[in-house]
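Please read the structure below before turning to the comments.
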Amino acid sequence: MVTIRMYNVGLGDCFLLKFEAPDRPRFLLIDCGLFRGSDAERDTLKAVVSSIAETTDGFIDVVVATHEHQDHLSGFTYAQEVFKASIKIGQVWLAWTEKPGDPMAEKLKGTMRSFAAQLDQTVAQLKTDTRRQFSADALSAVESVMEFTGFDGMLAAAGQPGVNQQALQYLKTFPVDYKEPGTVAAMDGLPNVRFYILGPPRSDLILKSDPTKANPEVYSFAGNDRTNYSLMVPAWDNDDSSERERLDSVPFDASYRTDAIDPHLEPIYTNPTDDYRRIDDDWLHALGNLALQLDSDTNNTSLAIAIELVDSGKVLLFPGDAQVGNWLSWDKCTWTDFPTLTMHELLTRTVFYKVGHHGSHNATLKELGLERMTSPHLVAMIPVDADFAQNTKHWKMPFGSLYTRLQAKTRGRIIQADSPFPKVPGTPRPPALTTAEWKAFQKAVVQSPDRRPTTKGIDRPLWTEFVVR
């Protein structure tokens with residue numbers, strides 16, 4: 001029996017798995033973080049880690065940190081003192097992409113961090129540029145850039161590690177095992193549980209984040225062309241250049257700028273209602289797209305794991321935030337000790353799916369992913385705060401067509417972090433389930449009597465559990 005606990009951190013991931021064993025239960029923690037700016041961010045993480053300490057009696061056998069994003073790692077930084085005071089960790093599993101001295105890992109990380117630093121520099125300088133008075137919409141797009149990357153430019157400029165780096169530094173004080181795709185991991189005391197490492201891939205597929213229009217792999221057809229990292233956004237150096245020289249760095253020839261004709265000339269469009277006519281700062285919106293690309297590439301370094309309960313044959317799928325390329329690589333995995341095993345077979349036996357990237361459009365593969373999950377017992381958990389994602393950040397999480405398909409594949413058995421379903425008395429039975437199936441599902445779901453910290457009066461349980469027997 002396995003109990004899967006999803007902590008209601010908000011827009012973030014924190015899953016605690018409890019495996020029953022004859023001598024004592026084993027605990028596996030997968031990620032612990034939430035998105036920057038979430039409600040009661042630090043109080044929530046401290047409450048979550050305190051709960052983990054109580055549940056595990058102060059010992060976690062294995063911690064999995066899937067990838068370097070704040071919504072997966074920030075708890076290891078902001079609640080680090082609680083971890084140190086209350087919890088011992090037996091082992092940490094990280095993807096090969098985090099392995100020091102690995103040439104491919106260091107090249108990949110170096111490129112991504114360099115790009116993030118240049119984005120951060122550009123953002124900082126554009127925000128202080130009073131000469132050109134960028135439009136509010138353009139500046140808003142610019143300010144959202146580093147939220148996606150999770151790169152803390154102020155700390156980096158001071159030579160200090162950011163939130164994610166602090167988390168990884170702490171986790172690396174414990175014994176670390178860097179996992180490779182196509183290998184099988186194990187936990188001491190659980191001989192009948194296998195952990196198949198699926199990704200991230202050691203191939204160019206790690207850089208494929210979005211679906212293609214010609215062959216849409218996910219539940220959205222809005223794939224975008226990829227921008228190469230070498231096409232960097234304009235970034236000014238902090239030198240003694242004059243303001244006039246700095247203005248020459250904008251992407252339009254001087255003859256097309258009013259200040260080139262007469263530096264004292266008023267802008268052509270002085271009425272705010274005419275802002276939509278301006279094109280001088282349209283290029284800034286590309287920063288948001290570049291940051292999204294960097295965000296997706298980091299997601300694609302996710303340590304993805306399929307957990308097989310050997311006695312029953314049931315499979316639990318935890319893909320982190322793996323995007324298209326990571327998913328596509330799984331079919332190429334082969335396991336030496338299980339030469340006939342295929343990814344297709346693992347997916348057909350999947351009874352639990354942790355929905356990737358809070359239900360975003362490009363983090364659940366279609367034909368080679370969800371459509372292969374044909375078990376009549378399939379249940380999905382979505383770690384999301386839909387109100388924060390949709391109304392505050394304007395992100396489509398969970399993505400509409402994906403959610404609709406999840407409803408069909410699970411026959412209504414979706415457990416969402418921000419929803420009390422299915423424990424509210426009087427909740428109607430999904431029509432695709434029999435009465436017996438509905439009662440069994442309700443019985444398998446348990447919610448915490450403790451409430452998640454909030455500054456907005458939102459009443460939600462601290463965690464929701466689902467039991468796989």
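Going through the structure tokens in order, the chains are called A, B, and so on, while each chain numbers its residues from 1 and the ligands are numbered from 1 in the order shown.
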ask   = So which residues of stretch 372-468 of chain A fall under alpha helix (DSSP H) by DSSP, listed as JSON, numbers by chain?
value = {"A": [386, 387, 400, 401, 402, 403, 404, 405, 406, 407, 408, 409, 410, 435, 436, 437, 438, 439, 440, 441, 442, 443, 444]}
task = Write out as a ChimeraX atom specification the residues lying within 12 Å of A:Leu346, counting only C-alpha atoms and excluding same-chain residues fewer than 2 positions away.
result = /A:194-198,305-310,313-317,330-331,333,340-344,348-353,368-370,372-375
Go ahead and dump the residues you just picked, N, CA, C and O atoms, as a short mmCIF file (atom, residue, chain, number, x, y, z; two decimals), in the first residue's frame.
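As written to disk, selection21.cif reads:
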data_model
loop_
_atom_site.label_atom_id
_atom_site.label_comp_id
_atom_site.auth_asym_id
_atom_site.auth_seq_id
_atom_site.Cartn_x
_atom_site.Cartn_y
_atom_site.Cartn_z
N ARG A 194 9.97 -0.75 -7.68
CA ARG A 194 11.01 -0.35 -8.62
C ARG A 194 10.77 1.08 -9.08
O ARG A 194 9.64 1.47 -9.36
N PHE A 195 11.87 1.81 -9.19
CA PHE A 195 11.81 3.20 -9.62
C PHE A 195 12.52 3.32 -10.96
O PHE A 195 13.75 3.34 -11.03
N TYR A 196 11.74 3.40 -12.03
CA TYR A 196 12.31 3.49 -13.37
C TYR A 196 12.61 4.96 -13.68
O TYR A 196 11.71 5.81 -13.66
N ILE A 197 13.87 5.26 -13.97
CA ILE A 197 14.27 6.63 -14.29
C ILE A 197 14.05 6.85 -15.79
O ILE A 197 14.64 6.18 -16.63
N LEU A 198 13.19 7.79 -16.10
CA LEU A 198 12.77 8.03 -17.48
C LEU A 198 13.53 9.17 -18.14
O LEU A 198 13.89 9.11 -19.31
N ILE A 305 10.09 9.95 -13.12
CA ILE A 305 10.17 8.62 -12.53
C ILE A 305 8.83 7.89 -12.66
O ILE A 305 7.77 8.47 -12.40
N ALA A 306 8.89 6.63 -13.06
CA ALA A 306 7.74 5.73 -13.01
C ALA A 306 7.99 4.73 -11.89
O ALA A 306 9.02 4.05 -11.88
N ILE A 307 7.06 4.65 -10.94
CA ILE A 307 7.22 3.79 -9.77
C ILE A 307 6.32 2.57 -9.95
O ILE A 307 5.09 2.70 -10.04
N GLU A 308 6.93 1.37 -10.00
CA GLU A 308 6.16 0.15 -10.18
C GLU A 308 6.00 -0.58 -8.86
O GLU A 308 6.98 -0.86 -8.16
N LEU A 309 4.75 -0.88 -8.50
CA LEU A 309 4.46 -1.72 -7.34
C LEU A 309 4.39 -3.15 -7.86
O LEU A 309 3.39 -3.56 -8.45
N VAL A 310 5.46 -3.87 -7.67
CA VAL A 310 5.66 -5.15 -8.37
C VAL A 310 4.55 -6.15 -8.07
O VAL A 310 4.07 -6.86 -8.97
N GLY A 313 1.56 -4.81 -9.97
CA GLY A 313 1.81 -4.36 -11.34
C GLY A 313 1.40 -2.92 -11.57
O GLY A 313 1.58 -2.38 -12.68
N LYS A 314 0.86 -2.26 -10.56
CA LYS A 314 0.42 -0.87 -10.72
C LYS A 314 1.62 0.07 -10.82
O LYS A 314 2.67 -0.17 -10.23
N VAL A 315 1.42 1.18 -11.55
CA VAL A 315 2.49 2.15 -11.80
C VAL A 315 2.01 3.54 -11.40
O VAL A 315 0.87 3.92 -11.67
N LEU A 316 2.91 4.28 -10.75
CA LEU A 316 2.68 5.67 -10.37
C LEU A 316 3.64 6.53 -11.19
O LEU A 316 4.85 6.26 -11.20
N LEU A 317 3.13 7.55 -11.86
CA LEU A 317 3.96 8.36 -12.75
C LEU A 317 4.16 9.76 -12.17
O LEU A 317 3.20 10.51 -11.96
N TRP A 330 11.28 8.97 -23.56
CA TRP A 330 11.03 7.81 -22.72
C TRP A 330 10.89 6.52 -23.52
O TRP A 330 11.26 5.44 -23.04
N ASP A 331 10.37 6.63 -24.73
CA ASP A 331 10.24 5.42 -25.56
C ASP A 331 11.59 4.85 -25.95
O ASP A 331 11.68 3.68 -26.37
N CYS A 333 14.04 4.54 -23.80
CA CYS A 333 14.64 3.93 -22.62
C CYS A 333 14.58 2.40 -22.71
O CYS A 333 13.55 1.83 -23.10
N THR A 340 12.47 -6.72 -21.96
CA THR A 340 11.21 -6.70 -22.74
C THR A 340 10.27 -5.59 -22.29
O THR A 340 9.23 -5.37 -22.91
N LEU A 341 10.64 -4.89 -21.22
CA LEU A 341 9.77 -3.84 -20.69
C LEU A 341 9.81 -2.62 -21.60
O LEU A 341 10.88 -2.18 -22.03
N THR A 342 8.64 -2.04 -21.86
CA THR A 342 8.56 -0.84 -22.69
C THR A 342 7.83 0.27 -21.94
O THR A 342 7.07 0.01 -21.00
N MET A 343 8.03 1.50 -22.41
CA MET A 343 7.33 2.63 -21.81
C MET A 343 5.83 2.51 -22.06
O MET A 343 5.01 2.88 -21.21
N HIS A 344 5.47 1.98 -23.21
CA HIS A 344 4.06 1.78 -23.51
C HIS A 344 3.41 0.91 -22.44
O HIS A 344 2.31 1.20 -21.95
N THR A 348 0.36 1.87 -19.77
CA THR A 348 -0.93 1.17 -19.73
C THR A 348 -1.26 0.69 -18.33
O THR A 348 -2.43 0.49 -17.99
N ARG A 349 -0.23 0.50 -17.49
CA ARG A 349 -0.46 0.06 -16.11
C ARG A 349 -0.45 1.21 -15.11
O ARG A 349 -0.51 0.98 -13.91
N THR A 350 -0.38 2.44 -15.60
CA THR A 350 -0.36 3.60 -14.71
C THR A 350 -1.74 3.83 -14.09
O THR A 350 -2.73 4.00 -14.80
N VAL A 351 -1.78 3.84 -12.77
CA VAL A 351 -3.04 4.07 -12.05
C VAL A 351 -3.03 5.42 -11.33
O VAL A 351 -4.06 5.85 -10.82
N PHE A 352 -1.86 6.08 -11.32
CA PHE A 352 -1.76 7.40 -10.70
C PHE A 352 -0.85 8.28 -11.54
O PHE A 352 0.27 7.87 -11.88
N TYR A 353 -1.33 9.47 -11.86
CA TYR A 353 -0.55 10.41 -12.67
C TYR A 353 -0.50 11.76 -11.96
O TYR A 353 -1.52 12.40 -11.73
N LEU A 368 1.57 9.63 -27.11
CA LEU A 368 2.59 8.82 -26.46
C LEU A 368 2.60 9.00 -24.95
O LEU A 368 3.52 8.57 -24.27
N GLY A 369 1.54 9.61 -24.43
CA GLY A 369 1.46 9.85 -23.00
C GLY A 369 0.10 9.49 -22.43
O GLY A 369 -0.20 8.31 -22.21
N LEU A 370 -0.74 10.49 -22.23
CA LEU A 370 -2.02 10.27 -21.56
C LEU A 370 -2.91 9.27 -22.29
O LEU A 370 -3.61 8.48 -21.66
N ARG A 372 -2.11 6.66 -23.70
CA ARG A 372 -1.68 5.30 -23.39
C ARG A 372 -2.10 4.85 -21.99
O ARG A 372 -2.00 3.67 -21.66
N MET A 373 -2.53 5.79 -21.16
CA MET A 373 -2.94 5.45 -19.80
C MET A 373 -4.36 4.91 -19.84
O MET A 373 -5.34 5.64 -19.69
N THR A 374 -4.46 3.61 -20.05
CA THR A 374 -5.76 2.98 -20.29
C THR A 374 -6.31 2.23 -19.09
O THR A 374 -7.36 1.59 -19.19
N SER A 375 -5.64 2.31 -17.94
CA SER A 375 -6.15 1.60 -16.77
C SER A 375 -7.50 2.18 -16.35
O SER A 375 -7.66 3.40 -16.27
#
Stretch 177-208 of chain A: residues DSSP assigns to strand (DSSP E or B), reported as a VMD selection string = chain A and resid 177 to 179 184 to 185 193 to 199
Would you save the residues of that selection, restricted to C-alpha atoms, as a CSV table (one decimal), in the first residue's frame?
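This is the output file result38.csv:
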chain,number,residue,atom,x,y,z
A,177,ASP,CA,22.7,9.8,-6.3
A,178,TYR,CA,22.6,11.4,-9.8
A,179,LYS,CA,20.1,9.5,-11.8
A,184,VAL,CA,16.3,1.4,-12.2
A,185,ALA,CA,16.6,2.7,-8.7
A,193,VAL,CA,9.1,-1.4,-5.5
A,194,ARG,CA,11.0,-0.4,-8.6
A,195,PHE,CA,11.8,3.2,-9.6
A,196,TYR,CA,12.3,3.5,-13.4
A,197,ILE,CA,14.3,6.6,-14.3
A,198,LEU,CA,12.8,8.0,-17.5
A,199,GLY,CA,14.4,11.4,-18.0
task = Would you mind listing what lies within 8 Å of A:His357 as a PyMOL selection string, with only C-alpha atoms counted and same-chain residues fewer than 5 positions away left out?
result = chain A and resi 320-322+363
Can I get the selection written as a tab-separated table (two decimals), in the first residue's frame, with C-alpha atoms?
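In the end it all went to part.tsv:
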chain	number	residue	atom	x	y	z
A	320	GLY	CA	8.16	16.59	-12.58
A	321	ASP	CA	7.49	19.35	-15.10
A	322	ALA	CA	8.84	17.39	-18.07
A	363	ALA	CA	3.68	19.16	-20.03
inquiry  = Give me the residues near A:Lys366 as a list in words, where near means some atom within 7 Å (using only C-alpha atoms) and where sequence neighbours in that chain fewer than 6 positions away do not count.
reply    =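 Counting only the stated atoms, we get Glu217, Val218 and Tyr219 of chain A.
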task = State, in Å with one decimal place, the distance from atom CA of A:Ala444 to atom CA of A:Ile60.
result =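 Between atom CA of A:Ala444 and atom CA of A:Ile60 the gap works out to 23.3 Å.
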request  = Considering only C-alpha atoms, return as a list in words whatever protein or nucleic-acid residues lie within 9 Å of A:Glu41, sequence-local ones (same chain, fewer than 6 positions apart) excluded.
outcome  = Val9, Gly10, Leu34, Phe35, Tyr78, Pro453 and Thr454 of chain A
query = Nearest to A:Ala105 among A:Gln121, A:Ser203, A:Gln70, A:Gln390, with distances taken over only C-alpha atoms: which residue is it?
reply = A:Ser203
inquiry  = Report, in Å with one decimal, the straight-line distance from atom CA of A:Thr404 to atom CA of A:Arg5.
reply    =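 One can read the atom CA of A:Thr404 to atom CA of A:Arg5 distance as 23.8 Å.
For the residues A:Thr334, A:Asn8, A:Thr464, A:Thr301, ranking by smallest atom-to-atom distance to A:Ser38 using only C-alpha atoms places A:Asn8 first.
Of the listed residues A:Ile382, A:Ile206, A:Ile87, A:Val468, the one whose atoms come nearest to A:Ser302 is A:Ile206, with distances taken using only C-alpha atoms.
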List every residue of stretch 74-105 of chain A that has an atom at most 10 Å from any atom of stretch 157-172 of chain A, and for each one report the closest atom pair and its distance in Å to one decimal, counting only C-alpha atoms, with rows sorted by chain and then by increasing residue number, as JSON lines.
{"residue": "A:Ser74", "atom": "CA", "partner": "A:Val163", "partner_atom": "CA", "distance": 6.3}
{"residue": "A:Gly75", "atom": "CA", "partner": "A:Ala167", "partner_atom": "CA", "distance": 7.7}
{"residue": "A:Phe76", "atom": "CA", "partner": "A:Ala167", "partner_atom": "CA", "distance": 4.9}
{"residue": "A:Thr77", "atom": "CA", "partner": "A:Ala167", "partner_atom": "CA", "distance": 4.9}
{"residue": "A:Tyr78", "atom": "CA", "partner": "A:Val163", "partner_atom": "CA", "distance": 8.2}
{"residue": "A:Ala79", "atom": "CA", "partner": "A:Ala167", "partner_atom": "CA", "distance": 9.8}
{"residue": "A:Gln80", "atom": "CA", "partner": "A:Tyr170", "partner_atom": "CA", "distance": 8.0}
{"residue": "A:Phe83", "atom": "CA", "partner": "A:Tyr170", "partner_atom": "CA", "distance": 9.9}
{"residue": "A:Lys84", "atom": "CA", "partner": "A:Tyr170", "partner_atom": "CA", "distance": 9.5}
{"residue": "A:Ile89", "atom": "CA", "partner": "A:Leu171", "partner_atom": "CA", "distance": 8.8}
{"residue": "A:Gln91", "atom": "CA", "partner": "A:Leu171", "partner_atom": "CA", "distance": 9.0}
{"residue": "A:Val92", "atom": "CA", "partner": "A:Leu171", "partner_atom": "CA", "distance": 6.8}
{"residue": "A:Trp93", "atom": "CA", "partner": "A:Leu171", "partner_atom": "CA", "distance": 9.3}
{"residue": "A:Leu94", "atom": "CA", "partner": "A:Lys172", "partner_atom": "CA", "distance": 9.4}
{"residue": "A:Glu98", "atom": "CA", "partner": "A:Leu168", "partner_atom": "CA", "distance": 9.0}
Kindly save the residues from that selection, with all heavy atoms included, as a short mmCIF file (atom, residue, chain, number, x, y, z; two decimals), in the first residue's frame.
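Written out: again-v1.cif:
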data_model
loop_
_atom_site.label_atom_id
_atom_site.label_comp_id
_atom_site.auth_asym_id
_atom_site.auth_seq_id
_atom_site.Cartn_x
_atom_site.Cartn_y
_atom_site.Cartn_z
N SER A 74 11.87 25.87 -3.35
CA SER A 74 12.00 26.98 -2.40
C SER A 74 11.82 26.55 -0.95
O SER A 74 12.35 27.20 -0.04
CB SER A 74 11.01 28.10 -2.74
OG SER A 74 9.67 27.64 -2.69
N GLY A 75 11.09 25.47 -0.69
CA GLY A 75 10.92 25.00 0.68
C GLY A 75 12.23 24.58 1.33
O GLY A 75 12.40 24.70 2.54
N PHE A 76 13.18 24.10 0.50
CA PHE A 76 14.47 23.68 1.03
C PHE A 76 15.34 24.89 1.38
O PHE A 76 16.40 24.73 1.99
CB PHE A 76 15.19 22.79 0.02
CG PHE A 76 14.45 21.53 -0.30
CD1 PHE A 76 13.88 21.34 -1.56
CD2 PHE A 76 14.30 20.53 0.65
CE1 PHE A 76 13.18 20.18 -1.86
CE2 PHE A 76 13.61 19.36 0.35
CZ PHE A 76 13.04 19.19 -0.91
N THR A 77 14.89 26.08 0.98
CA THR A 77 15.58 27.32 1.35
C THR A 77 14.82 28.06 2.43
O THR A 77 15.34 28.33 3.52
CB THR A 77 15.77 28.22 0.12
OG1 THR A 77 16.59 27.56 -0.85
CG2 THR A 77 16.43 29.54 0.50
N TYR A 78 13.55 28.38 2.16
CA TYR A 78 12.77 29.21 3.09
C TYR A 78 12.42 28.47 4.38
O TYR A 78 12.20 29.11 5.41
CB TYR A 78 11.51 29.72 2.41
CG TYR A 78 11.76 30.70 1.28
CD1 TYR A 78 10.96 30.70 0.14
CD2 TYR A 78 12.81 31.59 1.35
CE1 TYR A 78 11.20 31.60 -0.89
CE2 TYR A 78 13.06 32.48 0.32
CZ TYR A 78 12.25 32.48 -0.80
OH TYR A 78 12.49 33.36 -1.83
N ALA A 79 12.33 27.15 4.33
CA ALA A 79 12.04 26.36 5.54
C ALA A 79 13.24 25.50 5.91
O ALA A 79 13.10 24.48 6.60
CB ALA A 79 10.81 25.50 5.32
N GLN A 80 14.42 25.92 5.50
CA GLN A 80 15.61 25.12 5.73
C GLN A 80 15.90 24.91 7.21
O GLN A 80 16.33 23.82 7.63
CB GLN A 80 16.83 25.76 5.05
CG GLN A 80 18.04 24.89 5.00
CD GLN A 80 19.16 25.48 4.16
OE1 GLN A 80 20.28 25.66 4.65
NE2 GLN A 80 18.86 25.80 2.91
N PHE A 83 13.83 22.10 8.41
CA PHE A 83 14.43 20.85 7.95
C PHE A 83 15.59 20.45 8.86
O PHE A 83 15.68 19.32 9.35
CB PHE A 83 14.93 20.99 6.51
CG PHE A 83 13.94 20.59 5.46
CD1 PHE A 83 13.33 21.54 4.66
CD2 PHE A 83 13.62 19.25 5.26
CE1 PHE A 83 12.42 21.18 3.67
CE2 PHE A 83 12.72 18.87 4.27
CZ PHE A 83 12.12 19.83 3.49
N LYS A 84 16.50 21.40 9.09
CA LYS A 84 17.70 21.09 9.86
C LYS A 84 17.38 20.69 11.29
O LYS A 84 18.04 19.81 11.87
CB LYS A 84 18.64 22.30 9.84
CG LYS A 84 19.30 22.55 8.49
CD LYS A 84 20.21 23.77 8.54
CE LYS A 84 20.95 23.97 7.23
NZ LYS A 84 21.82 25.18 7.25
N ILE A 89 17.71 13.25 6.50
CA ILE A 89 17.48 12.76 5.14
C ILE A 89 18.50 11.66 4.84
O ILE A 89 19.71 11.86 5.02
CB ILE A 89 17.60 13.90 4.11
CG1 ILE A 89 16.50 14.94 4.35
CG2 ILE A 89 17.52 13.35 2.68
CD1 ILE A 89 16.64 16.19 3.51
N GLN A 91 18.99 9.99 1.76
CA GLN A 91 19.62 10.10 0.46
C GLN A 91 18.85 11.11 -0.39
O GLN A 91 17.64 11.31 -0.19
CB GLN A 91 19.64 8.73 -0.24
CG GLN A 91 20.49 8.67 -1.50
CD GLN A 91 20.50 7.28 -2.12
OE1 GLN A 91 19.48 6.63 -2.22
NE2 GLN A 91 21.69 6.81 -2.52
N VAL A 92 19.55 11.72 -1.32
CA VAL A 92 18.93 12.67 -2.25
C VAL A 92 19.14 12.15 -3.67
O VAL A 92 20.25 11.73 -4.03
CB VAL A 92 19.54 14.08 -2.10
CG1 VAL A 92 19.03 15.02 -3.18
CG2 VAL A 92 19.23 14.65 -0.71
N TRP A 93 18.07 12.19 -4.48
CA TRP A 93 18.16 11.84 -5.89
C TRP A 93 18.03 13.10 -6.72
O TRP A 93 17.05 13.86 -6.58
CB TRP A 93 17.06 10.86 -6.29
CG TRP A 93 17.16 9.50 -5.67
CD1 TRP A 93 18.17 9.01 -4.88
CD2 TRP A 93 16.20 8.43 -5.80
NE1 TRP A 93 17.91 7.72 -4.50
CE2 TRP A 93 16.71 7.33 -5.04
CE3 TRP A 93 14.99 8.29 -6.45
CZ2 TRP A 93 16.02 6.13 -4.94
CZ3 TRP A 93 14.30 7.10 -6.35
CH2 TRP A 93 14.81 6.01 -5.61
N LEU A 94 19.02 13.33 -7.59
CA LEU A 94 19.00 14.44 -8.53
C LEU A 94 19.21 13.91 -9.94
O LEU A 94 19.78 12.83 -10.12
CB LEU A 94 20.09 15.46 -8.20
CG LEU A 94 20.07 16.12 -6.82
CD1 LEU A 94 21.29 17.03 -6.67
CD2 LEU A 94 18.80 16.92 -6.62
N GLU A 98 22.43 17.86 -12.81
CA GLU A 98 22.96 18.58 -11.66
C GLU A 98 24.33 18.05 -11.22
O GLU A 98 24.90 18.54 -10.25
CB GLU A 98 21.98 18.46 -10.47
CG GLU A 98 20.58 18.94 -10.75
CD GLU A 98 20.53 20.42 -11.07
OE1 GLU A 98 21.42 21.16 -10.63
OE2 GLU A 98 19.57 20.85 -11.74
#
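Between A:Arg24 and the candidates A:Val123, A:Phe59, A:Pro200, A:Lys396, the tightest atom-to-atom separation, counting only C-alpha atoms, involves A:Phe59.
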task = With a distance cut-off of 10 Å and only C-alpha atoms, select the neighbouring residues of A:Ala389, excluding the residue or stretch itself and same-chain residues fewer than 2 positions from it, and output the selection as a PyMOL selection string.
result = chain A and resi 10-11+35+38+358+384-387+391-398
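As for atom CA of A:Ala116 and atom CA of A:Gly359, they are spaced 24.7 Å apart.
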